[in-house]
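Peer 1: Sharing final_20.txt (compact mmCIF, C-alpha atoms) below.
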# COMPACT_ATOMS: atom_id res chain seq x y z
CA MET A 1 47.53 -15.96 -12.61
CA LYS A 2 46.44 -16.50 -9.03
CA GLY A 3 44.98 -13.01 -8.95
CA SER A 4 42.85 -13.73 -11.99
CA LYS A 5 41.47 -16.87 -10.34
CA ARG A 6 40.44 -15.16 -7.12
CA PRO A 7 37.31 -13.42 -8.51
CA ILE A 8 36.21 -16.69 -10.14
CA HIS A 9 36.82 -18.60 -6.92
CA ALA A 10 34.86 -15.98 -4.98
CA VAL A 11 31.91 -16.24 -7.38
CA THR A 12 31.85 -20.05 -7.31
CA THR A 13 32.12 -20.08 -3.53
CA TRP A 14 29.23 -17.62 -3.25
CA PHE A 15 27.14 -19.66 -5.69
CA ARG A 16 27.81 -22.90 -3.81
CA ARG A 17 26.62 -21.35 -0.55
CA GLN A 18 23.27 -20.29 -1.99
CA PRO A 19 20.11 -22.22 -1.05
CA PRO A 20 18.72 -24.65 -3.69
CA LYS A 21 15.90 -22.30 -4.78
CA MET A 22 18.36 -19.49 -5.41
CA LYS A 23 20.62 -21.83 -7.39
CA VAL A 24 17.68 -22.84 -9.59
CA PHE A 25 16.73 -19.20 -10.10
CA LEU A 26 20.30 -18.26 -11.05
CA ALA A 27 20.56 -21.23 -13.40
CA VAL A 28 17.35 -20.20 -15.17
CA LEU A 29 18.59 -16.62 -15.35
CA ILE A 30 21.91 -17.69 -16.89
CA GLY A 31 20.06 -19.93 -19.34
CA LEU A 32 17.79 -17.09 -20.46
CA ALA A 33 20.79 -14.78 -20.85
CA ALA A 34 22.52 -17.43 -23.00
CA LEU A 35 19.39 -17.80 -25.15
CA LEU A 36 19.20 -14.05 -25.63
CA PHE A 37 22.86 -13.96 -26.60
CA LEU A 38 22.41 -16.76 -29.15
CA ARG A 39 19.33 -15.10 -30.63
CA ILE A 40 21.29 -11.88 -31.19
CA VAL A 41 24.50 -13.45 -32.45
CA VAL A 42 23.20 -16.45 -34.45
CA HIS A 43 20.94 -15.32 -37.29
CA ASP A 44 20.20 -18.75 -38.75
CA HIS A 45 18.95 -20.72 -35.78
CA ASP A 46 19.08 -24.00 -37.73
CA SER A 47 22.86 -23.72 -37.42
CA LEU A 48 22.41 -24.31 -33.67
CA PHE A 49 21.20 -27.82 -34.42
CA VAL A 50 24.22 -28.40 -36.67
CA ALA A 51 26.46 -27.09 -33.88
CA ALA A 52 24.76 -29.44 -31.40
CA GLU A 53 25.46 -32.42 -33.66
CA PHE A 54 29.07 -31.29 -34.12
CA VAL A 55 29.68 -30.98 -30.37
CA HIS A 56 28.02 -34.37 -29.81
CA ALA A 57 30.36 -35.84 -32.43
CA LEU A 58 33.33 -34.33 -30.57
CA GLY A 59 32.12 -36.00 -27.38
CA ILE A 60 31.83 -39.35 -29.13
CA SER A 61 35.35 -38.87 -30.54
CA VAL A 62 36.67 -38.38 -27.00
CA LEU A 63 34.84 -41.54 -25.95
CA ILE A 64 36.37 -43.52 -28.82
CA TYR A 65 39.85 -42.26 -27.87
CA LYS A 66 39.31 -43.26 -24.24
CA LEU A 67 38.27 -46.79 -25.17
CA THR A 68 40.90 -47.42 -27.87
CA LYS A 69 43.96 -45.58 -26.55
CA GLU A 70 43.44 -45.61 -22.80
CA ARG A 71 41.97 -49.13 -22.94
CA THR A 72 39.60 -48.50 -20.05
CA CYS A 73 35.89 -47.86 -19.61
CA ALA A 74 36.17 -46.78 -15.97
CA GLY A 75 33.64 -44.07 -15.16
CA LEU A 76 31.32 -44.91 -18.06
CA SER A 77 27.79 -46.17 -17.58
CA LEU A 78 26.91 -49.19 -19.69
CA LYS A 79 23.25 -48.62 -18.85
CA SER A 80 23.29 -45.09 -20.27
CA GLN A 81 24.83 -46.41 -23.48
CA GLU A 82 22.17 -49.14 -23.69
CA LEU A 83 19.37 -46.60 -23.13
CA THR A 84 20.92 -44.44 -25.84
CA ALA A 85 20.93 -47.40 -28.23
CA ILE A 86 17.27 -48.09 -27.42
CA PHE A 87 15.99 -44.58 -28.12
CA LEU A 88 18.16 -44.26 -31.24
CA GLY A 89 16.90 -47.60 -32.56
CA VAL A 90 13.28 -46.62 -31.93
CA ARG A 91 13.84 -43.18 -33.49
CA LEU A 92 15.43 -44.72 -36.56
CA TYR A 93 12.44 -47.00 -37.03
CA CYS A 94 10.08 -44.05 -36.67
CA SER A 95 12.18 -42.00 -39.10
CA PHE A 96 11.93 -44.70 -41.76
CA VAL A 97 8.16 -45.12 -41.43
CA MET A 98 7.21 -41.50 -40.66
CA GLU A 99 9.83 -39.11 -42.06
CA TYR A 100 13.25 -39.67 -43.58
CA ASP A 101 15.81 -36.84 -43.65
CA ILE A 102 19.45 -36.00 -42.91
CA HIS A 103 18.84 -36.56 -39.19
CA THR A 104 18.17 -40.22 -39.99
CA LEU A 105 21.70 -40.61 -41.35
CA LEU A 106 23.15 -38.88 -38.30
CA ASP A 107 21.18 -41.20 -36.01
CA MET A 108 22.46 -44.24 -37.93
CA ALA A 109 26.06 -43.14 -37.42
CA THR A 110 25.47 -42.42 -33.71
CA LEU A 111 23.71 -45.76 -33.19
CA GLY A 112 26.59 -47.61 -34.85
CA THR A 113 29.09 -45.89 -32.56
CA THR A 114 26.93 -46.53 -29.48
CA ILE A 115 26.66 -50.26 -30.27
CA TRP A 116 30.44 -50.39 -30.64
CA VAL A 117 30.86 -48.68 -27.24
CA ILE A 118 28.50 -51.21 -25.66
CA TYR A 119 30.49 -54.06 -27.22
CA MET A 120 33.76 -52.63 -25.90
CA ILE A 121 32.39 -52.22 -22.37
CA ARG A 122 30.70 -55.64 -22.24
CA PHE A 123 33.47 -57.72 -23.75
CA LYS A 124 36.82 -56.06 -24.52
CA LEU A 125 37.15 -53.80 -21.45
CA LYS A 126 34.88 -55.62 -19.03
CA SER A 127 37.56 -55.78 -16.33
CA SER A 128 37.61 -51.96 -15.98
CA TYR A 129 33.82 -51.56 -15.97
CA MET A 130 32.56 -50.13 -12.66
CA ASP A 131 29.57 -52.41 -12.29
CA ASP A 132 29.04 -51.59 -8.61
CA LYS A 133 28.83 -47.86 -9.39
CA ASP A 134 26.45 -48.31 -12.35
CA ASN A 135 23.59 -49.27 -10.07
CA LEU A 136 20.58 -47.29 -11.31
CA ALA A 137 17.95 -49.82 -12.41
CA THR A 138 16.98 -49.08 -16.02
CA TYR A 139 13.32 -49.92 -15.42
CA TYR A 140 13.10 -46.79 -13.25
CA VAL A 141 13.84 -44.88 -16.45
CA VAL A 142 12.19 -46.97 -19.16
CA ILE A 143 8.82 -47.75 -17.54
CA PRO A 144 7.81 -44.12 -16.75
CA CYS A 145 8.75 -43.11 -20.32
CA ALA A 146 6.70 -45.98 -21.76
CA VAL A 147 3.65 -45.17 -19.62
CA LEU A 148 3.87 -41.45 -20.40
CA SER A 149 4.09 -42.16 -24.15
CA LEU A 150 0.84 -44.14 -24.00
CA PHE A 151 -1.05 -41.08 -22.83
CA ILE A 152 0.88 -38.19 -24.39
CA HIS A 153 2.06 -38.69 -27.97
CA PRO A 154 1.81 -36.96 -31.38
CA THR A 155 -1.62 -36.39 -32.93
CA THR A 156 -0.54 -36.88 -36.54
CA ARG A 157 -2.15 -39.23 -39.08
CA HIS A 158 0.49 -41.92 -38.62
CA HIS A 159 -0.34 -45.29 -37.07
CA THR A 160 -0.99 -45.10 -33.33
CA VAL A 161 1.84 -47.53 -32.51
CA ASN A 162 4.34 -45.40 -34.44
CA ARG A 163 3.17 -42.25 -32.69
CA ILE A 164 3.55 -43.88 -29.27
CA LEU A 165 7.03 -45.13 -30.18
CA TRP A 166 8.04 -41.64 -31.33
CA ALA A 167 6.94 -40.15 -28.00
CA PHE A 168 8.76 -42.93 -26.13
CA CYS A 169 12.10 -42.16 -27.80
CA VAL A 170 11.67 -38.42 -27.10
CA TYR A 171 11.07 -39.06 -23.39
CA LEU A 172 13.78 -41.69 -23.09
CA GLU A 173 16.37 -39.45 -24.74
CA ALA A 174 15.67 -36.76 -22.14
CA VAL A 175 16.57 -39.03 -19.21
CA SER A 176 18.98 -41.56 -20.78
CA VAL A 177 21.96 -39.84 -19.14
CA LEU A 178 20.68 -40.49 -15.58
CA PRO A 179 22.64 -43.76 -15.10
CA GLN A 180 25.82 -41.95 -16.19
CA LEU A 181 25.17 -39.26 -13.60
CA ARG A 182 24.62 -41.95 -10.95
CA VAL A 183 28.01 -43.48 -11.77
CA MET A 184 29.70 -40.09 -11.37
CA GLN A 185 27.80 -39.44 -8.15
CA ASN A 186 28.95 -42.76 -6.70
CA ALA A 187 32.56 -42.29 -7.82
CA LYS A 188 32.74 -38.63 -6.67
CA ILE A 189 35.79 -38.11 -8.93
CA VAL A 190 35.37 -38.00 -12.71
CA GLU A 191 38.49 -38.60 -14.81
CA PRO A 192 39.20 -36.20 -17.72
CA PHE A 193 37.98 -38.14 -20.77
CA THR A 194 34.66 -39.10 -19.17
CA ALA A 195 34.24 -35.50 -17.98
CA HIS A 196 34.93 -34.15 -21.50
CA TYR A 197 32.39 -36.59 -22.97
CA VAL A 198 29.61 -35.74 -20.50
CA PHE A 199 30.31 -32.00 -20.80
CA ALA A 200 30.04 -32.31 -24.59
CA LEU A 201 26.65 -33.99 -24.11
CA GLY A 202 25.57 -31.09 -21.90
CA VAL A 203 26.64 -28.44 -24.42
CA ALA A 204 25.06 -30.35 -27.32
CA ARG A 205 21.76 -30.67 -25.49
CA PHE A 206 21.78 -26.99 -24.54
CA LEU A 207 22.32 -26.00 -28.19
CA SER A 208 19.56 -28.38 -29.28
CA CYS A 209 17.24 -26.93 -26.63
CA ALA A 210 18.16 -23.39 -27.72
CA HIS A 211 17.35 -24.34 -31.31
CA TRP A 212 13.87 -25.50 -30.31
CA VAL A 213 13.11 -22.56 -28.02
CA LEU A 214 14.28 -19.96 -30.52
CA GLN A 215 12.34 -21.66 -33.30
CA VAL A 216 9.19 -21.47 -31.19
CA ILE A 217 9.84 -17.78 -30.49
CA ASP A 218 10.57 -16.97 -34.13
CA THR A 219 7.42 -18.71 -35.34
CA ARG A 220 5.39 -17.16 -32.48
CA GLY A 221 4.28 -20.57 -31.33
CA ARG A 222 3.27 -21.88 -34.76
CA LEU A 223 5.95 -24.58 -34.53
CA LEU A 224 4.21 -26.07 -31.51
CA THR A 225 0.84 -26.17 -33.28
CA ALA A 226 2.54 -27.81 -36.28
CA LEU A 227 3.55 -30.68 -34.00
CA GLY A 228 -0.08 -31.38 -33.15
CA TYR A 229 -2.52 -30.45 -30.42
CA GLY A 230 -3.05 -31.35 -26.76
CA LEU A 231 -0.15 -31.78 -24.35
CA TRP A 232 2.30 -33.31 -26.86
CA PRO A 233 3.83 -30.06 -28.24
CA SER A 234 4.49 -28.75 -24.74
CA PHE A 235 6.01 -32.05 -23.65
CA VAL A 236 8.37 -32.06 -26.63
CA LEU A 237 9.69 -28.67 -25.57
CA LEU A 238 9.74 -29.72 -21.91
CA SER A 239 11.80 -32.80 -22.79
CA GLU A 240 14.42 -30.60 -24.45
CA ILE A 241 14.59 -28.37 -21.38
CA VAL A 242 14.80 -31.36 -19.00
CA GLN A 243 17.76 -32.76 -20.97
CA THR A 244 19.61 -29.49 -20.51
CA PHE A 245 18.93 -29.02 -16.80
CA ILE A 246 19.80 -32.62 -15.93
CA LEU A 247 23.40 -31.94 -17.00
CA ALA A 248 23.61 -28.27 -15.96
CA ASP A 249 24.95 -28.97 -12.46
CA PHE A 250 27.73 -31.22 -13.73
CA CYS A 251 28.69 -28.68 -16.41
CA TYR A 252 29.08 -26.05 -13.67
CA TYR A 253 31.56 -28.21 -11.73
CA TYR A 254 33.33 -29.15 -14.97
CA VAL A 255 33.94 -25.49 -15.84
CA LYS A 256 34.91 -24.77 -12.23
CA SER A 257 37.52 -27.56 -12.28
CA LEU A 258 38.80 -26.45 -15.69
CA VAL A 259 39.26 -22.86 -14.54
CA GLY A 260 40.98 -24.11 -11.40
CA GLY A 261 43.48 -26.09 -13.48
CA GLN A 262 42.30 -29.48 -12.20
CA LEU A 263 42.55 -32.50 -14.48
CA VAL A 264 39.71 -34.32 -12.75
CA VAL A 265 36.25 -33.12 -11.77
CA ARG A 266 35.47 -33.55 -8.08
CA LEU A 267 31.78 -33.68 -7.28
CA PRO A 268 30.37 -32.86 -3.84
CA ALA A 269 27.84 -35.28 -2.38
CA GLY A 270 24.42 -35.01 -3.97
CA VAL A 271 25.51 -32.82 -6.91
CA VAL A 272 23.84 -35.09 -9.46
As structure tokens, how would this structure be written, given the file I've shared?
Peer 2:
Amino acid sequence: MKGSKRPIHAVTTWFRRQPPKMKVFLAVLIGLAALLFLRIVVHDHDSLFVAAEFVHALGISVLIYKLTKERTCAGLSLKSQELTAIFLGVRLYCSFVMEYDIHTLLDMATLGTTIWVIYMIRFKLKSSYMDDKDNLATYYVVIPCAVLSLFIHPTTRHHTVNRILWAFCVYLEAVSVLPQLRVMQNAKIVEPFTAHYVFALGVARFLSCAHWVLQVIDTRGRLLTALGYGLWPSFVLLSEIVQTFILADFCYYYVKSLVGGQLVVRLPAGVV
């Protein structure tokens, strides 16, 4: 068993010693290889979106278990949950007035769960909430998204306010996990259930990003033009990519800890 871990340890040690630019290059290379693999193996790329929702549901299930059975919210960011509730609420409103489909029902279920999580953290498990670690001001996240949505939003025939709100929820979703990453950065050690939840978010967002990218490739760019003109189509795709890369570093240390047989994820300074 130790012999099988040595090559993995050697690779992770080599990767950790690389300069930041090389790490970014390798991460992009691995991402492209994963996309190529999914394009070859998965014939119906819409199933990637279903898989993303399934993995996200698994992450939420882990979160529910942590809060109900472990009776603690240590390591969780209340601000990330509140940002999630905001973009889901805005997206639900836009779905009702712009387009209503199965994703609307999924968002309703996720919003209901998120509100319950917020309630548990604020009231039932307040004593275990790490308020001092959850110190990223939400206006640093919300205000840039709001300003950006005023200038770059869909060019459809819907009311201007609705189009701006739709862009706002797309941008906010991409960065809503930042307070959670700040909590983990401050704590340095991430306990198992929180790590499983955040890793599930990372996998779900990668699958969602892969779905978008492969759809764009399959339609030879027609999907982007269907979203409108100007900068909006590119920013939709960019938001999906940003969501994935924000969590990529944590996912690396999660896998590294899992392979090493560690129950907790230990993060070096400045990893997120």
Peer 1: What is the CA of Arg163 in chain A to CA of Leu148 in chain A distance in Å?
Peer 2: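 These two atoms are separated by 12.3 Å.
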Peer 1: One decimal, in Å: what's the spacing between CA of Leu111 in chain A and CA of Ala200 in chain A?
Peer 2: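 According to the coordinates, CA of Leu111 in chain A and CA of Ala200 in chain A are separated by 17.2 Å.
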Peer 1: For CA of Val177 in chain A and CA of Ala52 in chain A, quote the distance in Å rounded to one decimal.
Peer 2: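 Value for the CA of Val177 in chain A-CA of Ala52 in chain A distance: 16.3 Å.
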Peer 1: May I ask which of the residues A:Val142, A:Ala51, A:Ala248, A:Ala74 is the closest one to Ile30 in chain A, counting all atoms listed in the file?
Peer 2: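 Closest residue, counting all atoms listed in the file: A:Ala248.
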Peer 1: Counting all atoms listed in the file, which residue out of A:Asp107, A:Glu82, A:Glu240, A:Glu99 sits closest to Ala204 in chain A?
Peer 2: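 Nearest to Ala204 in chain A: A:Glu240.
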Peer 1: My list of candidates is A:Leu78, A:Leu231, A:Ile246, A:Leu214. Which is closest to Ile40 in chain A when distances are computed with all atoms listed in the file?
Peer 2: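 Closest candidate: A:Leu214.
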Peer 1: Which residues come within 9 Å of Leu237 in chain A, counting only C-alpha atoms, excluding same-chain residues fewer than 2 positions away, as a PyMOL selection string?
Peer 2: chain A and resi 209+212-213+224+232-235+239-242
Peer 1: Using all atoms listed in the file, tabulate the residues of range 169-208 of chain A lying at most 7 Å from any atom of range 86-89 of chain A, each with its closest atom pair and that distance in Å to one decimal, by chain and increasing residue number, as JSON lines.
Peer 2:
{"residue": "A:Cys169", "atom": "CA", "partner": "A:Phe87", "partner_atom": "CA", "distance": 4.6}
{"residue": "A:Leu172", "atom": "CA", "partner": "A:Phe87", "partner_atom": "CA", "distance": 6.2}
{"residue": "A:Glu173", "atom": "CA", "partner": "A:Phe87", "partner_atom": "CA", "distance": 6.2}
Peer 1: From the list A:His153, A:Gly230, A:Ala210, A:Asp249, which residue is nearest Val42 in chain A when using only C-alpha atoms?
Peer 2: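 Among the listed residues, the smallest separation from Val42 in chain A belongs to A:Ala210.
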Peer 1: Using all atoms listed in the file, which of A:Ile118, A:Ala174, A:Leu267, A:Leu201 sits nearest Ile189 in chain A?
Peer 2: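 Distance minimum relative to Ile189 in chain A lands on A:Leu267.
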Peer 1: Could you give me, as a list in words, the residues that have an atom at most 10 Å away from the point (29.4, -43.1, -8.3) in the coordinates of the file, using all atoms listed in the file?
Peer 2: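 Final list of nearby residues, as requested, is Gly75, Ser77, Met130, Asp132, Lys133, Asp134, Asn135, Pro179, Gln180, Leu181, Arg182, Val183, Met184, Gln185, Asn186, Ala187, Lys188, Ile189, Val190, Leu267, Ala269 and Val272 of chain A.
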Peer 1: Which one of A:Val264, A:Ala195, A:Leu178, A:Val161 sits closest to Gly59 in chain A if you count only C-alpha atoms?
Peer 2: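 Closest to Gly59 in chain A of all the choices is A:Ala195.
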